[in-house]
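Here the structure comes first, spelled out in structure tokens, and everything after it is commentary.
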Amino acid sequence: MVLIAPFTVEQYMGKYENTPGVINIAESCADSVSIDDLVRLSKDPQRSPLDTALKLTYGSVLGSTELRKYVAAHCSHEATQLSADDVIISQGAIGANFLALYTLIHPGDHVICVYPTYQQLYEVPQSVGAEVSLWRLREEEEFAHNIQDLKSLIKDNTKMIIINNPNSPTGLFIPTDTLQEIAKLAEENNIILFSDEVYRSLFHGGTSGQIEVPVPVTTLGYERAVVTGSMSKGFALAGIRVGWIASRDKTIMEAIASARNYTTISVSLLDDQIASFALSPATRPFLVERNISLARKNIKILKDFVERHKTVCSWVEPKAGTTAFIRFRKNGEPVDDFKFCQDVLNKTQVYFCPGSYCFGRNEDFKGYVRVGYVGDTDVLVKGLQRLGDFVQENLV
């Protein structure tokens with residue numbers, strides 16, 4: 001039997017996020033939209049998100065051509081254009097990640113994974129018998145991706161380098177020039193470059209709003225690059241379970257498509273239709289603009305909180321995605337972040353994620369918490385007000 005570690009962030013989120021009365025500032029999706037919201041955002045008033053006359057068969061096994069075409073555009077850049085044939089639709093990014101990793105990684109392989117990141121990205125390779133080396137990002141380097149550290153981790157049997165761009169929990173990103181260096185290393189060593197880009201549409205620039213958006217790794221000129229993504233985070237549609245895998249490497253995609261037969265016949269036709277509507281040229285730009293505007297508005301509120309409580313908390317300001325990694329201290333020492341989150345929840349009903357427990361294997365990132373700030377603005381303001389009162393009473 002495959003042994004796999006408990007998925008701590010998902011267990012923690014699942015335990016508390018639907019608690020009655022909870023003030024949720026743990027959420028990592030942009031504030032969710034409804035089908036009615038999509039219709040209002042769309043500039044095509046004649047099109048409906050759902051064809052209610054459509055017979056609900058399995059539909060296209062790999063996802064509709066329309067949806068795969070729109071995802072291919074999402075994973076393209078200028079001269080490098082992907083086609084629908086370069087895309088497989090999955091049940092969320094979590095399904096995409098699992099399928100790709102399970103297909104491509106084997107016992108005895110060596111995998112390098114950025115850290116901190118979504119636990120799935122290093123636990124799944126380890127569970128199938130691969131050796132995993134963590135490419136550690138450090139606060140003293142502002143969680144930048146140190147290429148020399150990456151070089152030092154490469155072995156003769158390194159099969160894959162895994163990155164997450166933008167990164168959760170830090171909310172930081174890898175610029176294009178660094179991505180090019182990573183791709184060059186991967187190509188020189190015949191290593192698959194795997195990039196979880198689930199937050200790709202949310203490069204907002206933080207409080208300045210200024211950012212040079214990096215390209216998808218599928219456009220770096222290295223064919224053995226794989227991207228995953230979904231409708232959940234940056235497109236605010238977690239309620240439709242639609243994700244994807246994209247790569248220009250036909251051998252990789254054929255292997256994934258073959259393995260997919262064991263896990264997924266197809267995604268829901270209804271979900272496919274809604275995703276296609278959301279990613280259509282008539283809707284996508286306005287949905288993305290809505291979510292980026294919300295991120296830029298709310299990050300200013302969160303930055304004000306951090307600055308007001310700078311004697312006991314610190315961060316590297318996020319520039320992308322929906323999450324911030326904030327460290328709390330008491331008497332100069334990192335708090336016990338799990339106990340801190342539990343105390344805050346029990347006394348204020350404000351809920352967010354403990355960093356060392358959810359992202360550090362209970363060993364690393366002591367004192368950190370992950371806060372989601374691209375949800376409803378009123379909820380964020382209320383949560384931070386209560387958290388601020390708690391901090392003043394218990395940490396200062």
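Identifiers for the structure tokens are assigned positionally: chains receive A, B, ... in sequence, residues are indexed from 1 per chain, and ligands are indexed from 1 in the order shown.
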
Contacts between range 307-315 of chain A and range 165-219 of chain A, please, where a residue of range 165-219 of chain A counts if it comes within 12 Å (with only C-alpha atoms); show its shortest atom pair and distance in Å to one decimal, rows by chain and ascending number, as CSV.
```
residue,atom,partner,partner_atom,distance
A:Pro169,CA,A:Trp315,CA,11.5
A:Thr170,CA,A:Trp315,CA,8.8
A:Gly171,CA,A:Trp315,CA,10.5
A:Leu172,CA,A:Trp315,CA,11.2
```

Using the selection just defined, write its residues with C-alpha atoms as a short mmCIF file (atom, residue, chain, number, x, y, z; two decimals), in the first residue's frame.
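Once written, part_15.cif looks like this:
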```cif
data_model
loop_
_atom_site.label_atom_id
_atom_site.label_comp_id
_atom_site.auth_asym_id
_atom_site.auth_seq_id
_atom_site.Cartn_x
_atom_site.Cartn_y
_atom_site.Cartn_z
CA PRO A 169 2.05 30.56 0.95
CA THR A 170 4.50 33.45 0.37
CA GLY A 171 2.61 35.26 -2.39
CA LEU A 172 5.88 35.89 -4.25
#
```

Inset, instruction - Within 12 Å of range 55-66 of chain A, counting only C-alpha atoms, which residues show up once you throw out same-chain ones fewer than 2 positions away? Write them as an MDAnalysis selection string, please. - result: chainID A and resid 50:53 68:73 83:91 242:246 253:254 256:258 260:261 263:281

Inset, instruction - Select, from A:Ser356, A:Asn157, A:Thr348, A:Asn190, the residue with the minimum atom-to-atom distance to Pro334 in chain A, counting only C-alpha atoms. - result: A:Ser356

Legend entry - Exercise: range 391-395 of chain A partners within 9 Å, only C-alpha atoms, chain neighbours under 3 positions left out, as a list of chain:residue names: A:His309, A:Val312, A:Phe328, A:Arg329, A:Lys330, A:Asn331, A:Val335, A:Val344, A:Arg386, A:Leu387, A:Gly388

Limited to all heavy atoms, could you put the picked residues into a file as a PDB file, in the first residue's frame?
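After the write, out14.pdb holds the following:
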```
ATOM      1  N   HIS A 309       1.348  46.766  13.480  1.00  0.00           N
ATOM      2  CA  HIS A 309       1.766  45.786  14.490  1.00  0.00           C
ATOM      3  C   HIS A 309       3.183  45.280  14.223  1.00  0.00           C
ATOM      4  O   HIS A 309       3.517  44.147  14.559  1.00  0.00           O
ATOM      5  CB  HIS A 309       0.768  44.626  14.506  1.00  0.00           C
ATOM      6  CG  HIS A 309      -0.641  45.048  14.815  1.00  0.00           C
ATOM      7  ND1 HIS A 309      -1.060  45.377  16.084  1.00  0.00           N
ATOM      8  CD2 HIS A 309      -1.711  45.214  13.993  1.00  0.00           C
ATOM      9  CE1 HIS A 309      -2.346  45.729  16.039  1.00  0.00           C
ATOM     10  NE2 HIS A 309      -2.757  45.635  14.797  1.00  0.00           N
ATOM     11  N   VAL A 312       5.530  43.171  16.491  1.00  0.00           N
ATOM     12  CA  VAL A 312       5.317  41.745  16.756  1.00  0.00           C
ATOM     13  C   VAL A 312       5.068  40.921  15.491  1.00  0.00           C
ATOM     14  O   VAL A 312       4.917  39.703  15.575  1.00  0.00           O
ATOM     15  CB  VAL A 312       4.139  41.524  17.733  1.00  0.00           C
ATOM     16  CG1 VAL A 312       4.482  42.071  19.113  1.00  0.00           C
ATOM     17  CG2 VAL A 312       2.842  42.138  17.199  1.00  0.00           C
ATOM     18  N   PHE A 328       4.636  36.067  13.401  1.00  0.00           N
ATOM     19  CA  PHE A 328       4.315  36.728  14.666  1.00  0.00           C
ATOM     20  C   PHE A 328       5.335  36.333  15.725  1.00  0.00           C
ATOM     21  O   PHE A 328       5.774  35.175  15.787  1.00  0.00           O
ATOM     22  CB  PHE A 328       2.906  36.355  15.121  1.00  0.00           C
ATOM     23  CG  PHE A 328       1.813  37.023  14.326  1.00  0.00           C
ATOM     24  CD1 PHE A 328       1.325  36.449  13.159  1.00  0.00           C
ATOM     25  CD2 PHE A 328       1.291  38.243  14.740  1.00  0.00           C
ATOM     26  CE1 PHE A 328       0.330  37.064  12.418  1.00  0.00           C
ATOM     27  CE2 PHE A 328       0.297  38.875  14.007  1.00  0.00           C
ATOM     28  CZ  PHE A 328      -0.190  38.288  12.843  1.00  0.00           C
ATOM     29  N   ARG A 329       5.682  37.303  16.572  1.00  0.00           N
ATOM     30  CA  ARG A 329       6.632  37.078  17.654  1.00  0.00           C
ATOM     31  C   ARG A 329       6.073  37.600  18.969  1.00  0.00           C
ATOM     32  O   ARG A 329       5.257  38.514  18.994  1.00  0.00           O
ATOM     33  CB  ARG A 329       7.962  37.790  17.369  1.00  0.00           C
ATOM     34  CG  ARG A 329       8.768  37.218  16.209  1.00  0.00           C
ATOM     35  CD  ARG A 329      10.063  38.009  16.015  1.00  0.00           C
ATOM     36  NE  ARG A 329      10.957  37.364  15.070  1.00  0.00           N
ATOM     37  CZ  ARG A 329      10.919  37.524  13.755  1.00  0.00           C
ATOM     38  NH1 ARG A 329       9.988  38.315  13.241  1.00  0.00           N
ATOM     39  NH2 ARG A 329      11.776  36.916  12.970  1.00  0.00           N
ATOM     40  N   LYS A 330       6.539  37.006  20.039  1.00  0.00           N
ATOM     41  CA  LYS A 330       6.259  37.504  21.381  1.00  0.00           C
ATOM     42  C   LYS A 330       7.567  37.532  22.145  1.00  0.00           C
ATOM     43  O   LYS A 330       8.289  36.525  22.181  1.00  0.00           O
ATOM     44  CB  LYS A 330       5.245  36.615  22.103  1.00  0.00           C
ATOM     45  CG  LYS A 330       4.875  37.142  23.491  1.00  0.00           C
ATOM     46  CD  LYS A 330       3.746  36.332  24.127  1.00  0.00           C
ATOM     47  CE  LYS A 330       3.352  36.941  25.463  1.00  0.00           C
ATOM     48  NZ  LYS A 330       2.213  36.227  26.077  1.00  0.00           N
ATOM     49  N   ASN A 331       7.883  38.678  22.723  1.00  0.00           N
ATOM     50  CA  ASN A 331       9.164  38.862  23.423  1.00  0.00           C
ATOM     51  C   ASN A 331      10.338  38.514  22.522  1.00  0.00           C
ATOM     52  O   ASN A 331      11.356  37.957  22.962  1.00  0.00           O
ATOM     53  CB  ASN A 331       9.212  38.023  24.696  1.00  0.00           C
ATOM     54  CG  ASN A 331       8.125  38.388  25.684  1.00  0.00           C
ATOM     55  OD1 ASN A 331       7.767  39.564  25.820  1.00  0.00           O
ATOM     56  ND2 ASN A 331       7.565  37.396  26.365  1.00  0.00           N
ATOM     57  N   VAL A 335       6.093  32.908  17.808  1.00  0.00           N
ATOM     58  CA  VAL A 335       5.015  32.266  18.560  1.00  0.00           C
ATOM     59  C   VAL A 335       4.904  30.802  18.136  1.00  0.00           C
ATOM     60  O   VAL A 335       5.402  30.396  17.080  1.00  0.00           O
ATOM     61  CB  VAL A 335       3.662  32.968  18.324  1.00  0.00           C
ATOM     62  CG1 VAL A 335       3.720  34.413  18.803  1.00  0.00           C
ATOM     63  CG2 VAL A 335       3.240  32.885  16.850  1.00  0.00           C
ATOM     64  N   VAL A 344      -6.536  32.350  18.628  1.00  0.00           N
ATOM     65  CA  VAL A 344      -7.239  33.413  17.902  1.00  0.00           C
ATOM     66  C   VAL A 344      -8.628  32.934  17.478  1.00  0.00           C
ATOM     67  O   VAL A 344      -9.624  33.644  17.648  1.00  0.00           O
ATOM     68  CB  VAL A 344      -6.421  33.876  16.675  1.00  0.00           C
ATOM     69  CG1 VAL A 344      -7.259  34.819  15.804  1.00  0.00           C
ATOM     70  CG2 VAL A 344      -5.136  34.564  17.106  1.00  0.00           C
ATOM     71  N   ARG A 386     -10.319  42.250  14.656  1.00  0.00           N
ATOM     72  CA  ARG A 386     -10.334  41.340  15.812  1.00  0.00           C
ATOM     73  C   ARG A 386      -8.941  40.778  16.083  1.00  0.00           C
ATOM     74  O   ARG A 386      -8.535  40.641  17.239  1.00  0.00           O
ATOM     75  CB  ARG A 386     -11.329  40.208  15.576  1.00  0.00           C
ATOM     76  CG  ARG A 386     -12.773  40.662  15.559  1.00  0.00           C
ATOM     77  CD  ARG A 386     -13.712  39.482  15.676  1.00  0.00           C
ATOM     78  NE  ARG A 386     -15.105  39.866  15.566  1.00  0.00           N
ATOM     79  CZ  ARG A 386     -16.130  39.057  15.752  1.00  0.00           C
ATOM     80  NH1 ARG A 386     -15.900  37.774  16.052  1.00  0.00           N
ATOM     81  NH2 ARG A 386     -17.379  39.474  15.643  1.00  0.00           N
ATOM     82  N   LEU A 387      -8.223  40.446  15.005  1.00  0.00           N
ATOM     83  CA  LEU A 387      -6.865  39.938  15.185  1.00  0.00           C
ATOM     84  C   LEU A 387      -5.975  41.003  15.811  1.00  0.00           C
ATOM     85  O   LEU A 387      -5.157  40.704  16.691  1.00  0.00           O
ATOM     86  CB  LEU A 387      -6.292  39.488  13.838  1.00  0.00           C
ATOM     87  CG  LEU A 387      -4.843  38.989  13.844  1.00  0.00           C
ATOM     88  CD1 LEU A 387      -4.657  37.817  14.796  1.00  0.00           C
ATOM     89  CD2 LEU A 387      -4.401  38.615  12.424  1.00  0.00           C
ATOM     90  N   GLY A 388      -6.137  42.244  15.389  1.00  0.00           N
ATOM     91  CA  GLY A 388      -5.349  43.334  15.954  1.00  0.00           C
ATOM     92  C   GLY A 388      -5.593  43.500  17.447  1.00  0.00           C
ATOM     93  O   GLY A 388      -4.653  43.706  18.223  1.00  0.00           O
TER      94      GLY A 388
END
```

Inset, instruction - Going by DSSP on the backbone, which bits of range 208-303 of chain A are strand (DSSP E)? Write them as a PyMOL selection string, please. - result: chain A and resi 225-230+243-246

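Between CA of Ser42 in chain A and CA of Asp378 in chain A the separation is 25.1 Å.
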
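Using only C-alpha atoms for every distance, the candidate list A:Ile182, A:Ile25, A:Val369, A:Val217 yields A:Val217 as the residue closest to Leu82 in chain A.
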
Legend entry - Residue neighbourhood Leu384 in chain A, 10 Å, only C-alpha atoms, exclusion window fewer than 3 positions, as a ChimeraX atom specification: /A:23,25,301-302,305-306,350,378-381,387-390

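For the set A:Arg241, A:His74, A:Lys155, A:Lys300, the residue with the smallest atom-to-atom gap to His110 in chain A is A:Lys155, counting only C-alpha atoms.
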
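Here the residues within range 365-396 of chain A that DSSP labels alpha helix (DSSP H) on the basis of the backbone are A:Thr377, A:Asp378, A:Val379, A:Leu380, A:Val381, A:Lys382, A:Gly383, A:Leu384, A:Gln385, A:Arg386, A:Leu387, A:Gly388, A:Asp389, A:Phe390, A:Val391, A:Gln392, A:Glu393, A:Asn394.
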